[in-house]
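Enquirer: What follows is work-v6.tsv, TSV, C-alpha atoms.
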chain	number	residue	atom	x	y	z
D	1	MET	CA	59.00	148.52	95.17
D	2	LYS	CA	55.47	149.60	94.32
D	3	GLN	CA	53.01	148.99	97.12
D	4	PHE	CA	49.34	149.52	97.73
D	5	GLU	CA	46.98	149.10	100.67
D	6	PHE	CA	43.97	146.82	100.62
D	7	TRP	CA	41.36	147.69	103.27
D	8	PHE	CA	38.76	145.01	103.76
D	9	ASP	CA	36.20	143.32	105.98
D	10	LEU	CA	35.28	139.63	105.78
D	11	GLY	CA	31.59	140.56	105.54
D	12	SER	CA	31.92	142.44	102.25
D	13	PRO	CA	31.16	140.49	99.06
D	14	ALA	CA	32.89	143.20	97.02
D	15	ALA	CA	36.03	142.77	99.13
D	16	TYR	CA	35.75	139.00	98.66
D	17	LEU	CA	35.69	139.45	94.87
D	18	ALA	CA	38.73	141.74	95.10
D	19	TRP	CA	40.55	139.32	97.43
D	20	LYS	CA	40.05	136.52	94.92
D	21	ARG	CA	41.55	138.68	92.18
D	22	LEU	CA	44.57	139.77	94.20
D	23	PRO	CA	47.02	136.93	93.30
D	24	LYS	CA	46.67	137.64	89.58
D	25	PHE	CA	46.64	141.38	90.22
D	26	LEU	CA	49.90	141.17	92.18
D	27	ARG	CA	51.56	139.16	89.42
D	28	GLY	CA	50.27	141.58	86.78
D	29	THR	CA	51.35	144.76	88.53
D	30	GLY	CA	54.50	143.45	90.23
D	31	ALA	CA	53.34	145.38	93.29
D	32	THR	CA	53.18	144.29	96.91
D	33	VAL	CA	50.11	144.67	99.09
D	34	ALA	CA	49.66	145.83	102.67
D	35	TYR	CA	46.54	144.13	104.03
D	36	LYS	CA	44.46	146.37	106.26
D	37	PRO	CA	41.70	144.66	108.24
D	38	MET	CA	38.96	147.04	109.37
D	39	LEU	CA	35.49	146.73	110.81
D	40	LEU	CA	33.11	147.84	108.07
D	41	GLY	CA	30.26	148.20	110.55
D	42	GLY	CA	32.38	150.72	112.44
D	43	VAL	CA	33.20	152.57	109.22
D	44	PHE	CA	29.50	152.73	108.33
D	45	LYS	CA	28.61	154.03	111.79
D	46	ALA	CA	31.30	156.71	111.69
D	47	THR	CA	30.59	157.90	108.16
D	48	GLY	CA	26.81	157.56	107.99
D	49	ASN	CA	27.20	155.15	105.09
D	50	ALA	CA	25.32	151.82	104.99
D	51	SER	CA	25.34	148.55	103.08
D	52	PRO	CA	23.71	148.94	99.65
D	53	VAL	CA	21.26	146.22	100.66
D	54	THR	CA	19.60	148.73	103.00
D	55	ILE	CA	18.09	150.34	99.86
D	56	PRO	CA	16.01	147.45	98.46
D	57	ALA	CA	16.27	148.43	94.77
D	58	LYS	CA	19.99	149.02	95.08
D	59	GLY	CA	20.47	145.81	97.03
D	60	LYS	CA	18.63	143.85	94.37
D	61	TRP	CA	20.76	145.30	91.59
D	62	ILE	CA	24.07	144.97	93.38
D	63	LEU	CA	23.55	141.24	93.83
D	64	VAL	CA	23.11	141.01	90.06
D	65	ASP	CA	26.19	143.17	89.53
D	66	PHE	CA	28.31	141.07	91.91
D	67	ALA	CA	27.04	137.88	90.28
D	68	ARG	CA	28.13	139.21	86.87
D	69	ALA	CA	31.58	140.01	88.26
D	70	ALA	CA	31.90	136.60	89.95
D	71	LYS	CA	30.87	134.82	86.75
D	72	LYS	CA	33.41	136.80	84.75
D	73	ASP	CA	36.11	135.98	87.31
D	74	GLY	CA	35.07	132.33	87.51
D	75	VAL	CA	34.63	132.37	91.28
D	76	PRO	CA	31.69	131.04	93.29
D	77	LEU	CA	29.54	133.65	95.04
D	78	SER	CA	26.67	133.02	97.40
D	79	TYR	CA	25.42	134.66	100.58
D	80	PRO	CA	25.25	133.16	104.05
D	81	PRO	CA	22.07	133.21	106.16
D	82	GLY	CA	21.64	136.54	107.93
D	83	PHE	CA	23.76	138.44	105.39
D	84	PRO	CA	25.07	141.10	106.02
D	85	ILE	CA	26.68	139.37	109.02
D	86	ASN	CA	28.47	140.72	112.10
D	87	THR	CA	32.18	140.16	111.51
D	88	LEU	CA	33.62	141.54	114.77
D	89	ALA	CA	35.04	138.25	116.09
D	90	LEU	CA	36.17	137.11	112.64
D	91	MET	CA	38.01	140.38	111.99
D	92	ARG	CA	39.65	140.26	115.42
D	93	GLY	CA	40.92	136.82	114.42
D	94	ALA	CA	42.26	138.26	111.17
D	95	ILE	CA	44.13	141.18	112.68
D	96	GLY	CA	45.32	139.02	115.58
D	97	LEU	CA	46.96	136.58	113.18
D	98	GLN	CA	48.41	139.47	111.18
D	99	MET	CA	50.03	140.77	114.40
D	100	ARG	CA	51.15	137.50	115.97
D	101	GLN	CA	51.48	134.93	113.17
D	102	PRO	CA	51.64	136.92	109.94
D	103	ALA	CA	52.34	133.86	107.77
D	104	ARG	CA	48.96	132.44	108.76
D	105	PHE	CA	47.01	135.62	108.03
D	106	ALA	CA	46.28	135.05	104.33
D	107	PRO	CA	45.31	131.36	104.75
D	108	TYR	CA	42.87	132.44	107.48
D	109	VAL	CA	41.28	135.13	105.30
D	110	ASP	CA	41.11	132.64	102.43
D	111	ALA	CA	39.37	130.05	104.60
D	112	MET	CA	36.89	132.58	105.97
D	113	TYR	CA	36.03	134.13	102.61
D	114	ASP	CA	35.62	130.69	101.03
D	115	ALA	CA	33.25	129.70	103.83
D	116	ILE	CA	31.23	132.92	103.84
D	117	PHE	CA	30.88	133.81	100.16
D	118	GLY	CA	32.18	130.68	98.45
D	119	ARG	CA	29.88	128.25	100.31
D	120	ALA	CA	27.40	130.45	102.22
D	121	VAL	CA	28.32	128.80	105.53
D	122	ASP	CA	26.48	130.22	108.53
D	123	LEU	CA	29.29	131.55	110.73
D	124	ARG	CA	26.87	133.01	113.27
D	125	ASP	CA	27.13	129.59	114.93
D	126	GLU	CA	30.41	129.32	116.89
D	127	LYS	CA	30.51	125.56	116.43
D	128	VAL	CA	30.42	126.03	112.68
D	129	VAL	CA	33.23	128.59	112.91
D	130	ALA	CA	35.26	126.03	114.87
D	131	GLN	CA	34.61	123.39	112.18
D	132	VAL	CA	35.69	125.76	109.39
D	133	LEU	CA	38.82	126.72	111.31
D	134	SER	CA	39.74	123.10	112.05
D	135	ALA	CA	39.20	122.09	108.44
D	136	ALA	CA	41.60	124.86	107.39
D	137	GLY	CA	44.26	123.74	109.88
D	138	PHE	CA	43.64	126.27	112.65
D	139	ALA	CA	43.10	125.48	116.32
D	140	PRO	CA	39.76	127.12	117.15
D	141	ALA	CA	40.76	127.76	120.77
D	142	GLU	CA	43.86	129.60	119.62
D	143	ILE	CA	41.92	131.91	117.30
D	144	LEU	CA	39.30	132.46	120.02
D	145	ALA	CA	42.06	133.49	122.43
D	146	LEU	CA	43.54	135.86	119.84
D	147	ALA	CA	40.12	137.42	119.23
D	148	GLY	CA	39.76	138.04	122.95
D	149	ASP	CA	43.18	139.63	123.38
D	150	PRO	CA	42.81	143.32	124.38
D	151	GLU	CA	45.75	144.37	122.17
D	152	VAL	CA	44.14	142.68	119.19
D	153	LYS	CA	40.80	144.34	119.91
D	154	GLN	CA	42.55	147.70	120.15
D	155	ALA	CA	44.40	147.13	116.88
D	156	LEU	CA	41.12	146.56	115.03
D	157	ILE	CA	39.66	149.72	116.54
D	158	ARG	CA	42.81	151.64	115.57
D	159	ASN	CA	42.70	150.39	111.97
D	160	THR	CA	39.01	151.25	111.68
D	161	GLU	CA	39.62	154.74	113.03
D	162	GLU	CA	42.54	155.21	110.66
D	163	ALA	CA	40.36	154.11	107.75
D	164	VAL	CA	37.68	156.66	108.62
D	165	ALA	CA	40.28	159.40	109.17
D	166	ARG	CA	41.69	158.74	105.71
D	167	GLY	CA	38.31	158.92	103.98
D	168	VAL	CA	37.30	155.26	103.76
D	169	PHE	CA	33.52	154.70	103.72
D	170	GLY	CA	33.20	151.21	102.21
D	171	ALA	CA	35.03	148.04	101.24
D	172	PRO	CA	37.23	147.18	99.56
D	173	THR	CA	39.27	150.37	99.55
D	174	PHE	CA	42.70	150.68	97.98
D	175	PHE	CA	45.35	153.33	98.52
D	176	VAL	CA	48.25	153.98	96.19
D	177	GLY	CA	50.19	156.60	98.08
D	178	GLY	CA	47.61	159.27	98.90
D	179	GLU	CA	45.21	158.20	96.15
D	180	MET	CA	42.11	156.33	97.26
D	181	PHE	CA	40.03	153.90	95.20
D	182	TRP	CA	36.80	152.33	96.35
D	183	GLY	CA	35.35	149.11	95.02
D	184	GLN	CA	36.29	145.84	93.40
D	185	ASP	CA	35.39	147.60	90.16
D	186	ARG	CA	38.25	150.10	90.50
D	187	MET	CA	41.13	147.61	90.39
D	188	ASP	CA	42.01	148.69	86.84
D	189	ALA	CA	42.42	152.25	88.11
D	190	VAL	CA	44.56	150.94	91.00
D	191	ALA	CA	46.76	149.15	88.45
D	192	GLU	CA	47.09	152.37	86.43
D	193	ALA	CA	48.03	154.33	89.54
D	194	LEU	CA	50.67	151.73	90.40
D	195	GLN	CA	51.99	151.96	86.86
D	196	ALA	CA	52.27	155.74	87.15
D	197	ALA	CA	53.78	155.60	90.65
Q	1	MET	CA	18.68	146.11	65.40
Q	2	LYS	CA	20.24	146.06	68.85
Q	3	GLN	CA	18.78	148.69	71.13
Q	4	PHE	CA	19.27	149.79	74.70
Q	5	GLU	CA	17.61	152.28	77.01
Q	6	PHE	CA	19.42	155.17	78.63
Q	7	TRP	CA	17.66	156.54	81.71
Q	8	PHE	CA	19.01	159.88	82.86
Q	9	ASP	CA	18.49	163.15	84.67
Q	10	LEU	CA	20.25	166.41	83.80
Q	11	GLY	CA	21.35	166.80	87.42
Q	12	SER	CA	23.49	163.65	87.48
Q	13	PRO	CA	27.22	164.08	86.78
Q	14	ALA	CA	27.50	160.33	86.18
Q	15	ALA	CA	24.76	160.56	83.55
Q	16	TYR	CA	26.57	163.54	82.02
Q	17	LEU	CA	29.76	161.47	81.69
Q	18	ALA	CA	27.77	158.64	80.10
Q	19	TRP	CA	25.96	161.07	77.74
Q	20	LYS	CA	29.30	162.41	76.54
Q	21	ARG	CA	30.46	158.87	75.78
Q	22	LEU	CA	27.31	157.86	73.92
Q	23	PRO	CA	28.28	158.95	70.37
Q	24	LYS	CA	31.43	156.79	70.42
Q	25	PHE	CA	29.57	154.01	72.23
Q	26	LEU	CA	26.85	153.95	69.56
Q	27	ARG	CA	29.43	153.79	66.78
Q	28	GLY	CA	31.33	151.05	68.61
Q	29	THR	CA	28.33	148.85	69.37
Q	30	GLY	CA	26.27	149.60	66.28
Q	31	ALA	CA	23.28	149.81	68.63
Q	32	THR	CA	20.54	152.40	68.83
Q	33	VAL	CA	19.48	154.13	72.01
Q	34	ALA	CA	16.08	154.95	73.49
Q	35	TYR	CA	16.52	158.04	75.66
Q	36	LYS	CA	14.47	157.92	78.85
Q	37	PRO	CA	14.22	161.18	80.79
Q	38	MET	CA	13.32	160.68	84.46
Q	39	LEU	CA	13.31	162.79	87.59
Q	40	LEU	CA	16.11	161.44	89.75
Q	41	GLY	CA	14.74	163.24	92.81
Q	42	GLY	CA	11.52	161.30	92.37
Q	43	VAL	CA	13.43	158.04	91.99
Q	44	PHE	CA	15.38	158.78	95.17
Q	45	LYS	CA	12.20	159.58	97.06
Q	46	ALA	CA	10.45	156.40	95.92
Q	47	THR	CA	13.40	154.06	96.54
Q	48	GLY	CA	14.91	155.57	99.69
Q	49	ASN	CA	18.15	156.11	97.80
Q	50	ALA	CA	20.00	159.45	97.93
Q	51	SER	CA	22.80	161.28	96.17
Q	52	PRO	CA	26.21	159.97	97.25
Q	53	VAL	CA	27.08	163.50	98.33
Q	54	THR	CA	24.69	163.07	101.27
Q	55	ILE	CA	27.39	160.84	102.84
Q	56	PRO	CA	30.30	163.31	103.15
Q	57	ALA	CA	33.12	160.75	102.82
Q	58	LYS	CA	31.43	159.12	99.85
Q	59	GLY	CA	30.67	162.48	98.27
Q	60	LYS	CA	34.30	163.53	98.60
Q	61	TRP	CA	35.51	160.33	96.97
Q	62	ILE	CA	32.98	160.27	94.19
Q	63	LEU	CA	34.03	163.73	93.02
Q	64	VAL	CA	37.59	162.36	92.73
Q	65	ASP	CA	36.30	159.28	90.92
Q	66	PHE	CA	34.23	161.35	88.46
Q	67	ALA	CA	37.21	163.68	87.90
Q	68	ARG	CA	39.37	160.66	87.03
Q	69	ALA	CA	36.72	159.44	84.57
Q	70	ALA	CA	36.33	162.90	83.00
Q	71	LYS	CA	40.09	163.28	82.61
Q	72	LYS	CA	40.32	159.86	80.98
Q	73	ASP	CA	37.47	160.77	78.62
Q	74	GLY	CA	38.89	164.22	77.90
Q	75	VAL	CA	35.70	166.03	78.87
Q	76	PRO	CA	35.37	169.05	81.18
Q	77	LEU	CA	33.65	168.45	84.50
Q	78	SER	CA	32.74	171.02	87.11
Q	79	TYR	CA	29.79	171.53	89.44
Q	80	PRO	CA	27.30	174.41	89.44
Q	81	PRO	CA	26.48	176.41	92.58
Q	82	GLY	CA	23.93	174.60	94.73
Q	83	PHE	CA	24.78	171.17	93.33
Q	84	PRO	CA	22.88	168.82	93.47
Q	85	ILE	CA	20.33	171.04	91.73
Q	86	ASN	CA	16.58	170.73	91.24
Q	87	THR	CA	16.05	169.63	87.64
Q	88	LEU	CA	12.25	169.48	87.50
Q	89	ALA	CA	11.76	172.31	84.97
Q	90	LEU	CA	14.81	171.29	82.93
Q	91	MET	CA	13.64	167.68	82.69
Q	92	ARG	CA	10.14	168.76	81.71
Q	93	GLY	CA	11.78	170.70	78.89
Q	94	ALA	CA	13.69	167.58	77.87
Q	95	ILE	CA	10.74	165.22	77.77
Q	96	GLY	CA	8.56	167.92	76.21
Q	97	LEU	CA	10.97	168.26	73.30
Q	98	GLN	CA	11.23	164.48	73.00
Q	99	MET	CA	7.42	164.33	72.66
Q	100	ARG	CA	6.82	167.34	70.45
Q	101	GLN	CA	10.05	168.07	68.57
Q	102	PRO	CA	12.15	164.90	68.83
Q	103	ALA	CA	14.88	166.20	66.50
Q	104	ARG	CA	15.62	168.97	68.99
Q	105	PHE	CA	15.80	166.71	72.04
Q	106	ALA	CA	19.49	165.75	71.84
Q	107	PRO	CA	20.70	169.29	71.10
Q	108	TYR	CA	18.75	170.49	74.15
Q	109	VAL	CA	20.24	167.83	76.42
Q	110	ASP	CA	23.69	168.64	75.02
Q	111	ALA	CA	23.25	172.36	75.71
Q	112	MET	CA	21.99	171.75	79.23
Q	113	TYR	CA	24.69	169.25	80.19
Q	114	ASP	CA	27.40	171.50	78.74
Q	115	ALA	CA	26.07	174.40	80.82
Q	116	ILE	CA	25.61	172.45	84.05
Q	117	PHE	CA	28.66	170.17	84.20
Q	118	GLY	CA	30.81	171.54	81.37
Q	119	ARG	CA	30.77	175.15	82.57
Q	120	ALA	CA	29.14	175.06	86.04
Q	121	VAL	CA	26.51	177.59	84.99
Q	122	ASP	CA	23.99	178.44	87.72
Q	123	LEU	CA	20.67	177.37	86.18
Q	124	ARG	CA	18.73	178.12	89.35
Q	125	ASP	CA	18.38	181.60	87.84
Q	126	GLU	CA	15.66	181.59	85.15
Q	127	LYS	CA	17.33	184.45	83.30
Q	128	VAL	CA	20.49	182.39	83.01
Q	129	VAL	CA	18.47	179.43	81.72
Q	130	ALA	CA	16.98	181.73	79.09
Q	131	GLN	CA	20.46	182.90	78.05
Q	132	VAL	CA	21.74	179.33	77.75
Q	133	LEU	CA	18.69	178.33	75.71
Q	134	SER	CA	18.99	181.32	73.40
Q	135	ALA	CA	22.69	180.72	72.85
Q	136	ALA	CA	21.85	177.14	71.84
Q	137	GLY	CA	19.18	178.27	69.37
Q	138	PHE	CA	16.08	177.64	71.48
Q	139	ALA	CA	13.31	180.14	72.16
Q	140	PRO	CA	13.11	180.31	75.96
Q	141	ALA	CA	9.39	181.09	75.93
Q	142	GLU	CA	8.73	178.00	73.85
Q	143	ILE	CA	10.62	175.72	76.24
Q	144	LEU	CA	8.91	177.37	79.20
Q	145	ALA	CA	5.53	176.68	77.62
Q	146	LEU	CA	6.48	173.06	76.99
Q	147	ALA	CA	7.61	172.66	80.60
Q	148	GLY	CA	4.25	173.97	81.78
Q	149	ASP	CA	2.19	171.67	79.55
Q	150	PRO	CA	0.16	169.22	81.69
Q	151	GLU	CA	0.75	166.36	79.23
Q	152	VAL	CA	4.50	166.95	79.43
Q	153	LYS	CA	4.39	167.04	83.24
Q	154	GLN	CA	2.44	163.78	83.23
Q	155	ALA	CA	4.91	162.14	80.85
Q	156	LEU	CA	7.80	162.90	83.20
Q	157	ILE	CA	5.87	161.48	86.14
Q	158	ARG	CA	5.02	158.40	84.10
Q	159	ASN	CA	8.65	157.82	83.08
Q	160	THR	CA	9.82	158.25	86.66
Q	161	GLU	CA	7.22	155.79	87.91
Q	162	GLU	CA	8.19	153.32	85.20
Q	163	ALA	CA	11.84	153.64	86.17
Q	164	VAL	CA	11.07	152.86	89.81
Q	165	ALA	CA	8.78	149.98	88.86
Q	166	ARG	CA	11.59	148.45	86.78
Q	167	GLY	CA	14.15	148.68	89.58
Q	168	VAL	CA	15.95	151.94	88.78
Q	169	PHE	CA	17.43	153.68	91.84
Q	170	GLY	CA	20.07	155.99	90.30
Q	171	ALA	CA	21.42	157.51	87.11
Q	172	PRO	CA	22.47	156.70	84.53
Q	173	THR	CA	20.69	153.38	84.20
Q	174	PHE	CA	20.84	151.23	81.09
Q	175	PHE	CA	18.58	148.40	80.03
Q	176	VAL	CA	19.44	145.80	77.42
Q	177	GLY	CA	16.23	143.83	77.21
Q	178	GLY	CA	15.45	142.90	80.80
Q	179	GLU	CA	19.03	143.34	82.00
Q	180	MET	CA	19.71	146.46	84.05
Q	181	PHE	CA	23.05	148.23	84.45
Q	182	TRP	CA	23.63	151.16	86.77
Q	183	GLY	CA	26.40	153.71	86.38
Q	184	GLN	CA	28.65	155.35	83.83
Q	185	ASP	CA	31.19	152.73	84.93
Q	186	ARG	CA	29.09	149.86	83.59
Q	187	MET	CA	29.08	150.86	79.92
Q	188	ASP	CA	31.54	148.07	79.10
Q	189	ALA	CA	29.06	145.59	80.55
Q	190	VAL	CA	26.27	147.20	78.52
Q	191	ALA	CA	28.40	146.78	75.38
Q	192	GLU	CA	28.96	143.12	76.23
Q	193	ALA	CA	25.25	142.57	76.78
Q	194	LEU	CA	24.51	144.20	73.40
Q	195	GLN	CA	27.12	141.95	71.81
Q	196	ALA	CA	25.47	138.88	73.34
Q	197	ALA	CA	21.92	140.04	72.46
Would you write out, as structure tokens, the structure that this file holds?

Expert:
Amino acid sequence: MKQFEFWFDLGSPAAYLAWKRLPKFLRGTGATVAYKPMLLGGVFKATGNASPVTIPAKGKWILVDFARAAKKDGVPLSYPPGFPINTLALMRGAIGLQMRQPARFAPYVDAMYDAIFGRAVDLRDEKVVAQVLSAAGFAPAEILALAGDPEVKQALIRNTEEAVARGVFGAPTFFVGGEMFWGQDRMDAVAEALQAA
Amino acid sequence: MKQFEFWFDLGSPAAYLAWKRLPKFLRGTGATVAYKPMLLGGVFKATGNASPVTIPAKGKWILVDFARAAKKDGVPLSYPPGFPINTLALMRGAIGLQMRQPARFAPYVDAMYDAIFGRAVDLRDEKVVAQVLSAAGFAPAEILALAGDPEVKQALIRNTEEAVARGVFGAPTFFVGGEMFWGQDRMDAVAEALQAA
């Protein structure tokens, strides 16, 4: 069975665009995906990389570029207040579910991405996070407990360190075997690599 | 007649890849191109942007990404000693020819790109530049004189300032009317914009 890895952070609009394309991509390639939550802020710190929005001209253009991609894909794309946001707690929730309740991992990521980039919800407010979680069928207290679990925290650190060690510097990043691909705009190349695998 | 602008610097491997694709692209789109020489170093300085190779992990990946693109396109790609190189004199030669002998502009850019990224020739050595120019049918002294012409120097500064003012932060950059596209990997989007124009 052909498999690839999808490294992502809930704060990355490019990873959101890729996430939205994954169902069709999986059907088209017949491949399976290993989801790899990582903390993009940690990757940036370790690699010296930074969000494109830190260069004003690049940030301005990339919003246009992402908007073109979203329009082409037919998905909504907007940006929450304070973007780029701190995703530490949200990513701990993601990896915690992946470890403890794997069947609920994808619905959680879906709900979070839809809130953040689909509806520009301000998740800096914990009460708003709780509302979004409840609306998606999650018990906020349960996710909060997961996010505070030392093993979960360690797992996110470990994934982030693994990402950096393997050459990741941004999101989304795909691996097909030892081959790395960065960006929502490299999914065609990922498909070709899966085809050749 | 549909037209687009192609902003480039001889030191950019991404612009080299795009340049090599242009003949087929022009046939395919039926568009005409306005070549816009700029000094990428000046653009970087003005915008705060930098070559991706300044972030080691990104630099490592982008060489793989460019190699994949070059292989797909069937063009040679290698990097000269000291890459990224200072292209000030080379770009003055380019814009000088564009101003004074426009018919010789494209052959000059061809010869330079083939030397730099096709054969990894070390153009930091003026004698080597002279050899490359002679082999391509240019009189080195003539190009040197052009590159030293104050009007030519000013024209390159003016283009670079215009690029920055219009939002350019890297190379290659394309404009279709007011729409900007950055990267050799956005030529499909440029073609679509020309189609819609």

Enquirer: Hey, list the chain Q side of the contact with chain D: 12 Å cut-off, all atoms listed in the file, answer as a PyMOL selection string.

Expert: chain Q and resi 43-66+68-69+72+163-171+173+179-183+185-186+188-190+192-193

Enquirer: Could the residues in this selection be written to a file with C-alpha atoms, as an mmCIF file, in the frame of the given file?

Expert:
data_model
loop_
_atom_site.group_PDB
_atom_site.id
_atom_site.type_symbol
_atom_site.label_atom_id
_atom_site.label_comp_id
_atom_site.auth_asym_id
_atom_site.auth_seq_id
_atom_site.Cartn_x
_atom_site.Cartn_y
_atom_site.Cartn_z
ATOM 1 C CA VAL Q 43 13.430 158.040 91.990
ATOM 2 C CA PHE Q 44 15.380 158.780 95.170
ATOM 3 C CA LYS Q 45 12.200 159.580 97.060
ATOM 4 C CA ALA Q 46 10.450 156.400 95.920
ATOM 5 C CA THR Q 47 13.400 154.060 96.540
ATOM 6 C CA GLY Q 48 14.910 155.570 99.690
ATOM 7 C CA ASN Q 49 18.150 156.110 97.800
ATOM 8 C CA ALA Q 50 20.000 159.450 97.930
ATOM 9 C CA SER Q 51 22.800 161.280 96.170
ATOM 10 C CA PRO Q 52 26.210 159.970 97.250
ATOM 11 C CA VAL Q 53 27.080 163.500 98.330
ATOM 12 C CA THR Q 54 24.690 163.070 101.270
ATOM 13 C CA ILE Q 55 27.390 160.840 102.840
ATOM 14 C CA PRO Q 56 30.300 163.310 103.150
ATOM 15 C CA ALA Q 57 33.120 160.750 102.820
ATOM 16 C CA LYS Q 58 31.430 159.120 99.850
ATOM 17 C CA GLY Q 59 30.670 162.480 98.270
ATOM 18 C CA LYS Q 60 34.300 163.530 98.600
ATOM 19 C CA TRP Q 61 35.510 160.330 96.970
ATOM 20 C CA ILE Q 62 32.980 160.270 94.190
ATOM 21 C CA LEU Q 63 34.030 163.730 93.020
ATOM 22 C CA VAL Q 64 37.590 162.360 92.730
ATOM 23 C CA ASP Q 65 36.300 159.280 90.920
ATOM 24 C CA PHE Q 66 34.230 161.350 88.460
ATOM 25 C CA ARG Q 68 39.370 160.660 87.030
ATOM 26 C CA ALA Q 69 36.720 159.440 84.570
ATOM 27 C CA LYS Q 72 40.320 159.860 80.980
ATOM 28 C CA ALA Q 163 11.840 153.640 86.170
ATOM 29 C CA VAL Q 164 11.070 152.860 89.810
ATOM 30 C CA ALA Q 165 8.780 149.980 88.860
ATOM 31 C CA ARG Q 166 11.590 148.450 86.780
ATOM 32 C CA GLY Q 167 14.150 148.680 89.580
ATOM 33 C CA VAL Q 168 15.950 151.940 88.780
ATOM 34 C CA PHE Q 169 17.430 153.680 91.840
ATOM 35 C CA GLY Q 170 20.070 155.990 90.300
ATOM 36 C CA ALA Q 171 21.420 157.510 87.110
ATOM 37 C CA THR Q 173 20.690 153.380 84.200
ATOM 38 C CA GLU Q 179 19.030 143.340 82.000
ATOM 39 C CA MET Q 180 19.710 146.460 84.050
ATOM 40 C CA PHE Q 181 23.050 148.230 84.450
ATOM 41 C CA TRP Q 182 23.630 151.160 86.770
ATOM 42 C CA GLY Q 183 26.400 153.710 86.380
ATOM 43 C CA ASP Q 185 31.190 152.730 84.930
ATOM 44 C CA ARG Q 186 29.090 149.860 83.590
ATOM 45 C CA ASP Q 188 31.540 148.070 79.100
ATOM 46 C CA ALA Q 189 29.060 145.590 80.550
ATOM 47 C CA VAL Q 190 26.270 147.200 78.520
ATOM 48 C CA GLU Q 192 28.960 143.120 76.230
ATOM 49 C CA ALA Q 193 25.250 142.570 76.780
#

Enquirer: Find the residues near Lys2 of chain D: any atom within 10 Å, counting all atoms listed in the file, skip ones fewer than 6 places away on the same chain, and give them as a PDB file with C-alpha atoms, keeping the file's coordinate frame.

Expert:
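Output file result09.pdb follows:
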ATOM      1  CA  THR D  29      51.350 144.760  88.530  1.00  0.00           C
ATOM      2  CA  GLY D  30      54.500 143.450  90.230  1.00  0.00           C
ATOM      3  CA  ALA D  31      53.340 145.380  93.290  1.00  0.00           C
ATOM      4  CA  THR D  32      53.180 144.290  96.910  1.00  0.00           C
ATOM      5  CA  VAL D  33      50.110 144.670  99.090  1.00  0.00           C
ATOM      6  CA  VAL D 176      48.250 153.980  96.190  1.00  0.00           C
ATOM      7  CA  GLY D 177      50.190 156.600  98.080  1.00  0.00           C
ATOM      8  CA  LEU D 194      50.670 151.730  90.400  1.00  0.00           C
ATOM      9  CA  GLN D 195      51.990 151.960  86.860  1.00  0.00           C
ATOM     10  CA  ALA D 196      52.270 155.740  87.150  1.00  0.00           C
ATOM     11  CA  ALA D 197      53.780 155.600  90.650  1.00  0.00           C
TER      12      ALA D 197
END

Enquirer: Take atom CA of Phe8 of chain Q and atom CA of Met187 of chain D and report the distance between them in Å, one decimal.

Expert: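 Going from atom CA of Phe8 of chain Q over to atom CA of Met187 of chain D covers 26.4 Å.
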
Enquirer: What separation in Å, quoted to one decimal, exists between atom CA of Gln101 of chain D and atom CA of Trp7 of chain D?

Expert: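 One can read the atom CA of Gln101 of chain D to atom CA of Trp7 of chain D distance as 19.1 Å.
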
Enquirer: Distance atom CA of Met38 of chain D-atom CA of Val132 of chain D, one decimal place?

Expert: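 Result for atom CA of Met38 of chain D versus atom CA of Val132 of chain D: 21.5 Å, one decimal.
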
Enquirer: Using 6 Å of padding on each side, determine the axis-aligned box around all atoms of segment 102-116 of chain D present in the file and give its centre and edge lengths in Å to one decimal, as AutoDock Vina command-line options.

Expert:
--center_x 41.8 --center_y 133.3 --center_z 105.5 --size_x 33.1 --size_y 19.2 --size_z 20.9
